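Participant: Would you mind keeping the following structure in view while I ask a few things?
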Amino acid sequence: MSTKTTDMMRAGWGFAGPGLTMLAIVMGLPVLYAAAISLSSMTLIRPALTITGFGNFLAIMSEPLFWNSLGITLRYSVATVMGEFVVGLGIALMLRQVVAMRGVYFAVLTLPMAMSPVAVALIWRMLLQPNLGIVNQTLAGLGLPMIDWLGDSGLALKTMIFIDIWQQTSFVILLLSAGLASLPRDPYEAAEVDGAGPMQQFWYITLPLLRPVAMIAVVIQLINEFRTYDLIYILTKGGPGVSTELLSFFAYKRAFQGLALNEGSAAAFILLLIVLLITVVFFFLLERRKT
Amino acid sequence: MGRRILSHIGLILAVTIVLFPILWVLRTSLVPAQDSYSSAILPSVTLDNYRALFAEKNFGRNYMNSLIVASLSVIVTMPLAAMTGYAFARFRTGGRFARFATLASQMLPPVALALPTFMLFRNVGLTNSLTGLTIVYAAINLPFLTWILMGFFEAIPEDLEGAAMTDGATRWGAFWRVVLPVAAPGIMAAAVLGFILSWNEFLFALILGGSNTATVPVALASLQTSNGVQISNVAAGVSLAILPLMVAAKFIQKYLVEGLSFGSVK
Amino acid sequence: MKKTCFPLTLGLAASLFGGTALADGVTLKALMEDVPETAIIEKMLPEFEEKTGIKVEFEKVGYGDMHDKLVAQLVSGESDYNLLEVDFLWAGEFPAAGWLEDLKPYAEESGFDMSAFIPSTMDLLGNTQESMPLVPMYNYSMGLIYRTDLLNDADLKAAYKSETGQELKAPGTLEEYVEIAKFMKAHGKVNGAAMQGQKGDPNAMEFSNYLFSAGGEYLDADGNVVLAGEAGETALSLYKDAINNAAQTGALSATLDDTMRLMCSGEAFSMVTYWWMLPQIDNAETCPDVAGKVALSVMPGGHGESGGWGWGIAKNVPQEEKDAAWKFITWVQSKDVAVARAMEGHAPVQAEVYTNPDVLAKYPFYKDAMAVVESGKSFPIFTYSAQYEDTLGTQVSLAASGDATVSDALEAASSGLTDLMNK
Amino acid sequence: MSEIKLNKVSRDYGLGNFGVRDVSLEIEEGEFMVLLGPSGCGKSTTLRMIAGLEETTDGQISISGRDVTRLAPRHRNVAVVFQSYALYPHMSVRENMRFGMKMRKTPADEQKRRIAQAASVLGLEPYLDRKPSALSGGQRQRVALGRAIVREPDVFLMDEPLSNLDAKLRGEMRQELVKLHRRVGKTTVFVTHDHVEAMTMGDRICIMRNGSIEQVGAPLEVYAKPRNTFVAQFLAAPAMNLIEARLSAEGEVVTLDAGPVAGPLPEREAALYRASVGQGLLFGLRAEDILTRPKPGAQAFEGIVTVLEALGPENLIVVEAGEQSVSVRADRHFLPRIGEKITLYADLAHMHLFDASSGDAIARET
């Protein structure tokens, strides 16, 4: 190993020290505590923290409902992040095209970001109320059949994905707009001279240059979406049947309704592991490009 | 020309999709409760829903709590995030591992953390207090803001600190007097994001808070009762909850885009 | 046990800023659901404080959030909440976890008259001869609310007669009810039943009414699971039939709120719901379309689902707080206070309040309500009631949406119950 | 009093990766020392180590006789002018200049006096209240200089300060910097990769390669006596012509055989290089030492013109002679056509010889 830069290292830890200390205490301790719980026999009924090993992990992994939740979570996260990215990129590019009204568009389109997921879920629950909600009322007014947005087991997850995209795209727009704004002008001029059309410019210049920001946006959103909880909590409670029971909700139910704090924590840690794995891949791709 | 018009059309469509639900909420907050679900646009206008929120639900208190906690947590977390981000960017402190571990601390679902956090905080008397909530939010926001700020600091030329240090500043002085002012747009952007995150957080606010420390999302959720959702009050509450962010939209926008673009791509 | 591992900083911060106010004397703190019933009691609190010198503070949150908040406090060293408002669904769990003080000795010592409570409200909360974890506070038993105007509509009567050969009248059995509801949907230009089919508490509670009406039970007298019997099969089949052929669009995601609005706007013939929904629907101001045209009855088969809240006292609080809490409970459930609360619209749990002339003068339908309360049967009350509600809800939801057959769903719901009871 | 001494200084990046290795150098009081070399040669690292911005992993650095190796930059009393200028973007020109004095708690009226003086010297008076972003490149460069001057440091350290300027401005600034140095008289270390800057500005030049010093000396001395092929080629454009060569001796006569250039050496050179007969050699001759007219002692050879760059004051010509490309600096009246065969005269009185394998110069000390 290198023998160098003790001075820089000292300075670095000096700067990072307070923040990391706070993080270690306020976040780290509860994480460790939760980890201990996941390895223990602790339930709400018997709250003694006795470490028993990986039994809780094995227990929940033997349940079909757990695998169902895991599958739904993966589908949900991939669909929402892809949707947010595609729509977000499209809007960010369109915003770049226009001059007039740009500020107004931008202000409106980034508004959902500023809303609590609890509020968003309540709003959409109201709008999509199957009989009286304005959406179905409008459909009925147009002579179209009313749609059971959240009550149809084939549709509920898709509706939730839409609502999530509705809210979260605003953050992606923000990040990608910022990324686009800082792209250099020259390569486009060079491409123009080389005879590249708008599509080719987008494909060969914009996308590659945007990659670092795009990856950050995707990572942040993946972390977010994997942990989605508030939306289900208010919209469907995991139903109809188990068609929208995401893993974080599964963990919650197991811990608080099933009183099995240990199994709930185990489920949460499995989720953590998956997110970790995915982000590690993205993270190292990102880092490699930097150095 | 053609492309510009197409863009306008696309954007207007997107704006409609975003704006309609929000406007409908505003409308619902302004009509009497029994008209909440009617499809008439504005059958009659009343401020009763807002009045009820403040008179019967103590919403003023919730609002103040949210303002206090969101602002304070930003004030606490910004210096820490800036310093940590700077250390990661300049000194590569802890290497990739530290960077990643910081981010990873955000990946556990909050449902698994709420109870352990409650128990730990309870032991030091920090439940049921705005202080406790402020500390939690500061810690929750820290990794995300650190990451954002790291980008800005990486984009600031190292020579600036070199100049300051040869000019007689300490490392800290160079950071404080030169790096921070230069990163101001980024700092503002991060602060705004931190505020928004804290303003919207629900689960920790619920578990750690008490009657006097309930924040706006907790108050909104409490309107979902076992004998019905008080949707007109919810609408009023949601309208008020997005108000500060709408009022500051212009300002926020400026800092977010300016700030974020400064650091995101070199 | 964790105390030692805390770094100094947090402790320091706590001592500097930590903010639990120290009151002189005892302060009772309760986590209450943010509903009108809570506000009614809250308004009367100064009276209690004046009388006893005990201060009472209510912290109000939504129903969905109460359980988690209570649990967090009750598993910790000392609870902030000393006085507890407990839903009957937790009446098995809380005592099993040892979080609740047994109130039987308190009642005996203070001579508090427990016989005034309607027996079904006591049973509902897991009270037995041996122990009394909770004192009834509030009732939400379920019955049938239906539209009298539609039943008396001459055209509909004629159509029903020609179709079924029967008279159109208030249903006497569950089969009849579902029949009429389907008929109404087909001919009445309204939904036959406003149903709350969202998975979990809404549909589990709703299905319970079907089960009891069909003569079914969850457990027999010896505590054996008998859900998957013939009556269970009938109940779930009829429930599925009702969801698909009598209920509104979107019934599988609907909650009480949705059904109430549907009923209120005149777009449904009936709903199986809490009895005190009647005055809200029979209200010319909020529901002008249906006011004066609705009635309440016991579930057609004679038994509906009981439900209610109880008062409890946390175990992990000092004795003086427990005593103060008991004082509060006896006060708030005393005859005068109970009547005064009822006059404001609070759902009573004591028989004499239902029959009080003043109350009846104001709310004539209370005699029907009392029938509903008295005839109510209870969801199984045990440690995992809340989880069972979810298990049952999931199966009912799967069956109703056609993702599982009735018998499979019933079998799964039944074995789920057995598993949880043996856990 | 403010001389700088580097004693076996190294910068180890770890894993055997050295930025600078065992560099020893003495810079005298008031001297203008230029560190010259290609990018990555360690010249900037050396400068930054003197400033304290880069850690010195081995060896000692002293300024004014004081060991500063472990001192923080702020305690070294040096001023750095960066290639990027590193002006504080959030401060006005005045504040940029004041910052260092503020840090050192210089009295306010003294601050004012120095800023006014520096501004007048550098012609910055109209811009004192502007932000750097509102200045042109040249103006920013002056601000960076001004910021260093007002500090009145013991030592000026300049890291390629002119490389971001356009050619004309660069020439002007070069002269101004020299004048400034004469007036202030402070020890200055100047890093550049431009040999013109090095030749015109430095009292002495230190040429570096791969983290080590190749040669130190006065510009003309280094130019005249490059220690090896690297120095010889780096210090001029076009670079010195190098041709593989051999010497053979027959009695008193030493004959050079360097491809196209072949012939007996003049008497003085013959005596000098006799020892190298039979060795593998590189024959070096600068472009200006190839003449277009005959001269005693100059060896004629022929070549075909392939490139002609008429610069105005002079013409640069490349000819193909045998297998060799040879650069020639000719006067402006000599204008051959491309493809024309011309006769040229290698002035062997100014020839250089290097060892073919090591590249070291064959000593021509008399």
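Naming scheme: A, B, ... for chains in displayed order of the structure tokens; residues 1 onward per chain; ligands 1 onward as shown.
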Got a sec: who's within 12 Å of D:Gln175, counting only C-alpha atoms, leaving out chain neighbours fewer than 3 positions off, as an MDAnalysis selection string?

Facilitator: chainID D and resid 162 168:172 178:182 196:197 200:202

Participant: Run DSSP on the backbone and give me the residues of stretch 123-318 of chain D it puts in strand (DSSP E or B), as a tab-separated table (two decimals) with N, CA and C atoms, in the first residue's frame.

Facilitator:
chain	number	residue	atom	x	y	z
D	155	VAL	N	8.97	34.72	-2.17
D	155	VAL	CA	9.20	33.98	-3.41
D	155	VAL	C	7.94	34.02	-4.27
D	156	PHE	N	8.14	34.21	-5.58
D	156	PHE	CA	7.03	34.06	-6.51
D	156	PHE	C	7.11	32.70	-7.17
D	157	LEU	N	6.00	32.01	-7.22
D	157	LEU	CA	5.96	30.73	-7.91
D	157	LEU	C	4.91	30.85	-9.00
D	158	MET	N	5.35	30.62	-10.26
D	158	MET	CA	4.41	30.79	-11.36
D	158	MET	C	4.30	29.50	-12.16
D	159	ASP	N	3.06	29.00	-12.24
D	159	ASP	CA	2.83	27.71	-12.89
D	159	ASP	C	2.21	27.94	-14.26
D	187	THR	N	12.99	36.42	-5.70
D	187	THR	CA	13.23	35.08	-6.21
D	187	THR	C	11.96	34.57	-6.88
D	188	THR	N	12.12	34.06	-8.11
D	188	THR	CA	10.94	33.61	-8.84
D	188	THR	C	11.21	32.24	-9.44
D	189	VAL	N	10.23	31.36	-9.29
D	189	VAL	CA	10.30	30.07	-9.98
D	189	VAL	C	9.18	30.05	-10.98
D	190	PHE	N	9.52	29.78	-12.21
D	190	PHE	CA	8.57	29.91	-13.30
D	190	PHE	C	8.52	28.59	-14.06
D	191	VAL	N	7.33	27.99	-14.09
D	191	VAL	CA	7.20	26.70	-14.77
D	191	VAL	C	6.64	26.91	-16.16
D	192	THR	N	7.23	26.28	-17.15
D	192	THR	CA	6.69	26.39	-18.50
D	192	THR	C	7.11	25.21	-19.33
D	204	ARG	N	18.25	31.45	-15.13
D	204	ARG	CA	18.73	30.10	-15.37
D	204	ARG	C	17.54	29.23	-15.75
D	205	ILE	N	17.85	28.14	-16.44
D	205	ILE	CA	16.81	27.19	-16.82
D	205	ILE	C	17.12	25.87	-16.17
D	206	CYS	N	16.08	25.22	-15.69
D	206	CYS	CA	16.24	23.86	-15.18
D	206	CYS	C	15.34	22.98	-16.03
D	207	ILE	N	15.98	22.10	-16.81
D	207	ILE	CA	15.19	21.26	-17.69
D	207	ILE	C	14.92	19.93	-17.03
D	208	MET	N	13.68	19.53	-17.02
D	208	MET	CA	13.30	18.30	-16.32
D	208	MET	C	12.67	17.29	-17.26
D	209	ARG	N	12.84	16.05	-16.89
D	209	ARG	CA	12.19	14.97	-17.63
D	209	ARG	C	11.93	13.82	-16.66
D	212	SER	N	13.00	14.03	-13.04
D	212	SER	CA	14.38	14.33	-12.68
D	212	SER	C	14.90	15.52	-13.48
D	213	ILE	N	15.97	16.10	-12.94
D	213	ILE	CA	16.56	17.25	-13.63
D	213	ILE	C	17.54	16.75	-14.68
D	214	GLU	N	17.45	17.30	-15.87
D	214	GLU	CA	18.37	16.93	-16.93
D	214	GLU	C	19.55	17.88	-16.98
D	215	GLN	N	19.26	19.16	-16.85
D	215	GLN	CA	20.34	20.14	-16.94
D	215	GLN	C	19.89	21.45	-16.33
D	216	VAL	N	20.82	22.13	-15.65
D	216	VAL	CA	20.54	23.44	-15.11
D	216	VAL	C	21.62	24.40	-15.60
D	217	GLY	N	21.21	25.58	-16.01
D	217	GLY	CA	22.22	26.53	-16.41
D	217	GLY	C	21.60	27.76	-17.03
D	228	ASN	N	22.51	16.54	-23.20
D	228	ASN	CA	22.11	15.31	-23.89
D	228	ASN	C	21.14	15.64	-25.03
D	241	ASN	N	18.82	19.00	-35.49
D	241	ASN	CA	18.89	17.84	-36.38
D	241	ASN	C	19.82	16.80	-35.78
D	242	LEU	N	19.36	15.56	-35.74
D	242	LEU	CA	20.20	14.48	-35.21
D	242	LEU	C	20.33	13.40	-36.27
D	243	ILE	N	21.57	13.03	-36.56
D	243	ILE	CA	21.81	12.03	-37.59
D	243	ILE	C	22.79	11.01	-37.05
D	244	GLU	N	22.47	9.75	-37.24
D	244	GLU	CA	23.40	8.70	-36.81
D	244	GLU	C	24.74	8.88	-37.51
D	245	ALA	N	25.80	8.73	-36.74
D	245	ALA	CA	27.10	9.06	-37.33
D	245	ALA	C	28.21	8.16	-36.79
D	246	ARG	N	29.30	8.18	-37.51
D	246	ARG	CA	30.52	7.51	-37.07
D	246	ARG	C	31.71	8.39	-37.42
D	247	LEU	N	32.74	8.25	-36.61
D	247	LEU	CA	33.98	8.97	-36.92
D	247	LEU	C	35.05	7.94	-37.32
D	248	SER	N	35.84	8.32	-38.27
D	248	SER	CA	37.00	7.47	-38.55
D	248	SER	C	38.24	8.35	-38.62
D	249	ALA	N	39.35	7.81	-38.23
D	249	ALA	CA	40.57	8.61	-38.18
D	249	ALA	C	41.62	8.01	-39.12
D	250	GLU	N	42.28	8.90	-39.74
D	250	GLU	CA	43.38	8.45	-40.60
D	250	GLU	C	44.49	9.48	-40.44
D	253	VAL	N	43.75	13.33	-39.67
D	253	VAL	CA	42.42	13.66	-40.18
D	253	VAL	C	41.36	12.76	-39.54
D	254	VAL	N	40.34	13.44	-38.99
D	254	VAL	CA	39.19	12.70	-38.46
D	254	VAL	C	38.04	12.96	-39.42
D	255	THR	N	37.45	11.89	-39.88
D	255	THR	CA	36.40	12.06	-40.88
D	255	THR	C	35.05	11.69	-40.28
D	256	LEU	N	34.08	12.55	-40.56
D	256	LEU	CA	32.70	12.33	-40.08
D	256	LEU	C	31.92	11.64	-41.17
D	257	ASP	N	31.17	10.61	-40.76
D	257	ASP	CA	30.26	10.00	-41.72
D	257	ASP	C	28.87	9.99	-41.11
D	258	ALA	N	28.11	11.06	-41.42
D	258	ALA	CA	26.75	11.18	-40.88
D	258	ALA	C	25.79	11.24	-42.04
D	261	VAL	N	25.88	14.09	-44.56
D	261	VAL	CA	26.97	14.99	-44.18
D	261	VAL	C	28.22	14.15	-43.91
D	262	ALA	N	29.11	14.19	-44.79
D	262	ALA	CA	30.32	13.40	-44.64
D	262	ALA	C	31.51	14.23	-45.05
D	263	GLY	N	32.57	14.11	-44.26
D	263	GLY	CA	33.75	14.88	-44.62
D	263	GLY	C	34.66	15.03	-43.44
D	264	PRO	N	35.79	15.57	-43.64
D	264	PRO	CA	36.76	15.74	-42.57
D	264	PRO	C	36.31	16.82	-41.60
D	281	LEU	N	27.48	7.04	-32.73
D	281	LEU	CA	27.29	8.45	-32.36
D	281	LEU	C	26.05	9.03	-32.99
D	282	LEU	N	25.62	10.15	-32.42
D	282	LEU	CA	24.61	10.97	-33.07
D	282	LEU	C	25.25	12.30	-33.36
D	283	PHE	N	25.11	12.71	-34.59
D	283	PHE	CA	25.66	14.00	-35.00
D	283	PHE	C	24.54	15.02	-34.89
D	284	GLY	N	24.79	16.11	-34.18
D	284	GLY	CA	23.74	17.11	-33.99
D	284	GLY	C	24.13	18.45	-34.56
D	285	LEU	N	23.19	19.06	-35.25
D	285	LEU	CA	23.45	20.40	-35.78
D	285	LEU	C	22.15	21.18	-35.77
D	290	ILE	N	23.10	25.31	-40.35
D	290	ILE	CA	23.18	24.81	-41.73
D	290	ILE	C	23.03	26.01	-42.64
D	291	LEU	N	24.03	26.27	-43.41
D	291	LEU	CA	24.08	27.52	-44.17
D	291	LEU	C	23.69	27.29	-45.62
D	298	ALA	N	32.72	24.48	-43.42
D	298	ALA	CA	31.36	23.99	-43.55
D	298	ALA	C	31.32	22.91	-44.62
D	299	GLN	N	30.64	21.81	-44.32
D	299	GLN	CA	30.63	20.67	-45.21
D	299	GLN	C	29.40	20.74	-46.12
D	300	ALA	N	29.62	20.72	-47.39
D	300	ALA	CA	28.51	20.82	-48.33
D	300	ALA	C	27.78	19.49	-48.44
D	301	PHE	N	26.47	19.56	-48.62
D	301	PHE	CA	25.69	18.36	-48.95
D	301	PHE	C	24.48	18.79	-49.74
D	302	GLU	N	23.84	17.82	-50.37
D	302	GLU	CA	22.69	18.17	-51.22
D	302	GLU	C	21.41	17.59	-50.65
D	303	GLY	N	20.32	18.28	-50.93
D	303	GLY	CA	19.03	17.77	-50.47
D	303	GLY	C	17.92	18.30	-51.35
D	304	ILE	N	16.80	17.60	-51.30
D	304	ILE	CA	15.64	18.03	-52.08
D	304	ILE	C	14.65	18.69	-51.13
D	305	VAL	N	14.23	19.89	-51.51
D	305	VAL	CA	13.33	20.66	-50.64
D	305	VAL	C	11.97	19.98	-50.57
D	306	THR	N	11.51	19.68	-49.39
D	306	THR	CA	10.16	19.10	-49.25
D	306	THR	C	9.20	20.07	-48.56
D	307	VAL	N	9.70	20.92	-47.70
D	307	VAL	CA	8.83	21.87	-47.00
D	307	VAL	C	9.49	23.22	-47.02
D	308	LEU	N	8.69	24.24	-47.25
D	308	LEU	CA	9.23	25.60	-47.16
D	308	LEU	C	8.23	26.43	-46.37
D	309	GLU	N	8.67	26.92	-45.21
D	309	GLU	CA	7.81	27.80	-44.42
D	309	GLU	C	8.43	29.18	-44.42
D	310	ALA	N	7.79	30.09	-45.17
D	310	ALA	CA	8.31	31.45	-45.20
D	310	ALA	C	7.70	32.20	-44.05
D	314	GLU	N	12.48	35.06	-41.60
D	314	GLU	CA	13.36	33.96	-41.99
D	314	GLU	C	12.51	32.88	-42.63
D	315	ASN	N	13.19	31.91	-43.26
D	315	ASN	CA	12.46	30.81	-43.86
D	315	ASN	C	12.92	29.51	-43.23
D	316	LEU	N	11.94	28.65	-42.93
D	316	LEU	CA	12.28	27.33	-42.43
D	316	LEU	C	12.14	26.36	-43.59
D	317	ILE	N	13.21	25.60	-43.80
D	317	ILE	CA	13.22	24.69	-44.93
D	317	ILE	C	13.49	23.29	-44.42
D	318	VAL	N	12.77	22.32	-44.96
D	318	VAL	CA	13.10	20.93	-44.66
D	318	VAL	C	13.53	20.29	-45.96

Participant: Taking only C-alpha atoms into account, produce a table as a tab-separated table in which each residue of chain C with an atom at most 9 Å from an atom of chain A appears once, together with its shortest atom pair and the distance in Å to one decimal, ordered by chain and rising number.

Facilitator:
residue	atom	partner	partner_atom	distance
C:Phe6	CA	A:Ile25	CA	8.3
C:Pro7	CA	A:Ile25	CA	7.7
C:Leu10	CA	A:Ile25	CA	8.2
C:Gly64	CA	A:Tyr233	CA	8.9
C:His67	CA	A:Phe256	CA	7.9
C:Asp68	CA	A:Phe256	CA	6.5
C:Val71	CA	A:Leu44	CA	7.7
C:Val75	CA	A:Leu44	CA	7.0
C:Glu93	CA	A:Ile45	CA	7.7
C:Phe94	CA	A:Ile45	CA	8.3
C:Ala96	CA	A:Ile45	CA	6.8
C:Ala97	CA	A:Ile45	CA	4.3
C:Gly98	CA	A:Ile45	CA	7.7
C:Gly197	CA	A:Gly151	CA	8.3
C:Gln198	CA	A:Pro240	CA	6.7
C:Lys199	CA	A:Gly239	CA	5.3
C:Gly200	CA	A:Lys237	CA	7.2
C:Gln248	CA	A:Asn131	CA	7.1
C:Thr249	CA	A:Pro130	CA	6.1
C:Gly250	CA	A:Asp148	CA	4.6
C:Ala251	CA	A:Gly151	CA	6.5
C:Leu252	CA	A:Gly151	CA	4.4
C:Ser253	CA	A:Gly151	CA	4.1
C:Ala254	CA	A:Gly151	CA	7.4
C:Asp258	CA	A:Gln129	CA	7.4
C:Arg261	CA	A:Leu132	CA	8.0
C:Leu262	CA	A:Asn131	CA	7.4
C:Thr383	CA	A:Ile45	CA	8.6
C:Tyr384	CA	A:Gly258	CA	6.5
C:Ser385	CA	A:Gln257	CA	8.5
C:Ala386	CA	A:Gln257	CA	5.7
C:Gln387	CA	A:Gln257	CA	5.0
C:Tyr388	CA	A:Gly258	CA	8.4
C:Asp390	CA	A:Gln257	CA	8.3
C:Gly393	CA	A:Gly241	CA	7.8
C:Thr394	CA	A:Gly241	CA	4.8
C:Gln395	CA	A:Gly241	CA	6.8
C:Val396	CA	A:Gly241	CA	7.9
C:Ser397	CA	A:Gly241	CA	5.0
C:Leu398	CA	A:Gly241	CA	4.8
C:Ala399	CA	A:Gly241	CA	8.4
C:Ser401	CA	A:Ser153	CA	7.3
C:Asp403	CA	A:Gly241	CA	8.0

Participant: Write a file of the selected residues as a compact mmCIF listing (two decimals), in the first residue's frame, keeping N, CA and C atoms.

Facilitator:
# COMPACT_ATOMS: atom_id res chain seq x y z
N PHE C 6 -24.76 4.20 24.13
CA PHE C 6 -24.97 5.49 23.47
C PHE C 6 -23.82 6.43 23.61
N PRO C 7 -23.39 6.93 22.55
CA PRO C 7 -22.32 7.92 22.61
C PRO C 7 -22.79 9.15 23.37
N LEU C 10 -25.24 12.19 21.88
CA LEU C 10 -26.69 12.18 21.86
C LEU C 10 -27.23 12.54 23.22
N GLY C 64 -55.11 4.19 10.88
CA GLY C 64 -54.07 3.33 10.34
C GLY C 64 -52.74 3.51 11.04
N HIS C 67 -51.93 1.88 15.65
CA HIS C 67 -51.35 0.63 16.15
C HIS C 67 -49.83 0.74 16.26
N ASP C 68 -49.19 1.23 15.18
CA ASP C 68 -47.74 1.27 15.16
C ASP C 68 -47.19 2.22 16.21
N VAL C 71 -47.68 0.57 19.63
CA VAL C 71 -46.73 -0.53 19.81
C VAL C 71 -45.35 -0.01 20.16
N VAL C 75 -43.73 -1.27 23.79
CA VAL C 75 -42.61 -2.20 23.91
C VAL C 75 -41.41 -1.53 24.56
N GLU C 93 -54.07 -9.16 21.11
CA GLU C 93 -52.62 -8.92 21.03
C GLU C 93 -52.08 -8.19 22.26
N PHE C 94 -52.70 -7.10 22.64
CA PHE C 94 -52.14 -6.26 23.70
C PHE C 94 -52.02 -7.00 25.04
N ALA C 96 -51.91 -10.24 25.40
CA ALA C 96 -50.97 -11.34 25.21
C ALA C 96 -49.53 -10.84 25.33
N ALA C 97 -49.29 -9.64 24.86
CA ALA C 97 -47.95 -9.10 24.93
C ALA C 97 -47.65 -8.54 26.33
N GLY C 98 -48.67 -8.55 27.18
CA GLY C 98 -48.47 -8.07 28.54
C GLY C 98 -48.37 -6.56 28.64
N GLY C 197 -64.85 -3.46 -0.62
CA GLY C 197 -64.10 -4.69 -0.89
C GLY C 197 -62.60 -4.55 -0.82
N GLN C 198 -62.07 -3.40 -0.36
CA GLN C 198 -60.61 -3.30 -0.29
C GLN C 198 -60.07 -4.36 0.67
N LYS C 199 -59.00 -4.97 0.24
CA LYS C 199 -58.37 -6.02 1.01
C LYS C 199 -57.96 -5.53 2.39
N GLY C 200 -58.18 -6.36 3.38
CA GLY C 200 -57.79 -5.97 4.73
C GLY C 200 -59.01 -5.71 5.58
N GLN C 248 -70.97 -1.83 -6.80
CA GLN C 248 -70.55 -0.77 -7.72
C GLN C 248 -69.25 -1.16 -8.42
N THR C 249 -68.94 -0.46 -9.50
CA THR C 249 -67.63 -0.63 -10.14
C THR C 249 -66.55 -0.28 -9.12
N GLY C 250 -65.48 -1.05 -9.11
CA GLY C 250 -64.38 -0.69 -8.22
C GLY C 250 -64.61 -1.10 -6.79
N ALA C 251 -65.57 -2.00 -6.57
CA ALA C 251 -65.86 -2.41 -5.19
C ALA C 251 -64.64 -3.04 -4.53
N LEU C 252 -63.78 -3.66 -5.32
CA LEU C 252 -62.64 -4.37 -4.73
C LEU C 252 -61.56 -3.44 -4.20
N SER C 253 -61.66 -2.16 -4.51
CA SER C 253 -60.69 -1.25 -3.91
C SER C 253 -61.38 -0.24 -3.00
N ALA C 254 -62.68 -0.42 -2.81
CA ALA C 254 -63.45 0.58 -2.08
C ALA C 254 -63.29 0.42 -0.57
N ASP C 258 -65.81 5.29 0.38
CA ASP C 258 -66.39 5.21 -0.95
C ASP C 258 -67.86 4.77 -0.88
N ARG C 261 -70.12 7.57 0.34
CA ARG C 261 -70.41 8.60 -0.66
C ARG C 261 -71.40 8.11 -1.71
N LEU C 262 -71.25 6.84 -2.06
CA LEU C 262 -72.13 6.26 -3.06
C LEU C 262 -73.57 6.25 -2.54
N THR C 383 -54.26 -13.21 19.68
CA THR C 383 -53.04 -12.42 19.53
C THR C 383 -52.87 -11.85 18.13
N TYR C 384 -53.21 -12.64 17.13
CA TYR C 384 -52.92 -12.20 15.77
C TYR C 384 -54.18 -11.79 15.00
N SER C 385 -55.13 -11.22 15.71
CA SER C 385 -56.37 -10.81 15.04
C SER C 385 -56.12 -9.91 13.86
N ALA C 386 -55.24 -8.93 14.07
CA ALA C 386 -55.00 -7.95 13.01
C ALA C 386 -54.40 -8.64 11.79
N GLN C 387 -53.48 -9.57 12.04
CA GLN C 387 -52.89 -10.25 10.90
C GLN C 387 -53.91 -11.17 10.26
N TYR C 388 -54.75 -11.75 11.09
CA TYR C 388 -55.74 -12.63 10.51
C TYR C 388 -56.69 -11.85 9.63
N ASP C 390 -55.94 -9.52 7.79
CA ASP C 390 -55.28 -9.38 6.49
C ASP C 390 -55.31 -10.70 5.72
N GLY C 393 -58.80 -11.15 4.58
CA GLY C 393 -59.07 -10.15 3.55
C GLY C 393 -58.46 -10.55 2.22
N THR C 394 -57.23 -11.05 2.28
CA THR C 394 -56.55 -11.45 1.05
C THR C 394 -57.32 -12.56 0.35
N GLN C 395 -57.74 -13.56 1.11
CA GLN C 395 -58.46 -14.70 0.51
C GLN C 395 -59.82 -14.28 -0.02
N VAL C 396 -60.52 -13.45 0.74
CA VAL C 396 -61.82 -12.96 0.28
C VAL C 396 -61.66 -12.18 -1.01
N SER C 397 -60.59 -11.36 -1.02
CA SER C 397 -60.32 -10.55 -2.21
C SER C 397 -60.00 -11.44 -3.41
N LEU C 398 -59.19 -12.47 -3.17
CA LEU C 398 -58.83 -13.38 -4.26
C LEU C 398 -60.05 -14.11 -4.79
N ALA C 399 -60.91 -14.53 -3.87
CA ALA C 399 -62.11 -15.25 -4.30
C ALA C 399 -63.04 -14.32 -5.07
N SER C 401 -62.39 -11.66 -6.73
CA SER C 401 -61.89 -11.23 -8.04
C SER C 401 -61.73 -12.40 -8.99
N ASP C 403 -59.61 -14.80 -8.73
CA ASP C 403 -58.24 -15.32 -8.80
C ASP C 403 -58.08 -16.62 -8.00

Participant: Set the cut-off to 7 Å and count only C-alpha atoms: what are the residues of chain B that reach chain A? Output as a ChimeraX atom specification.

Facilitator: /B:4,7-8,11,15,18-19,25,37,39,80-81,83-84,87,91,93,104-105,107-109,111-113,116-117,136,139,196,200-201,217,221,238,242,245,249,253,257,260-262,264-265
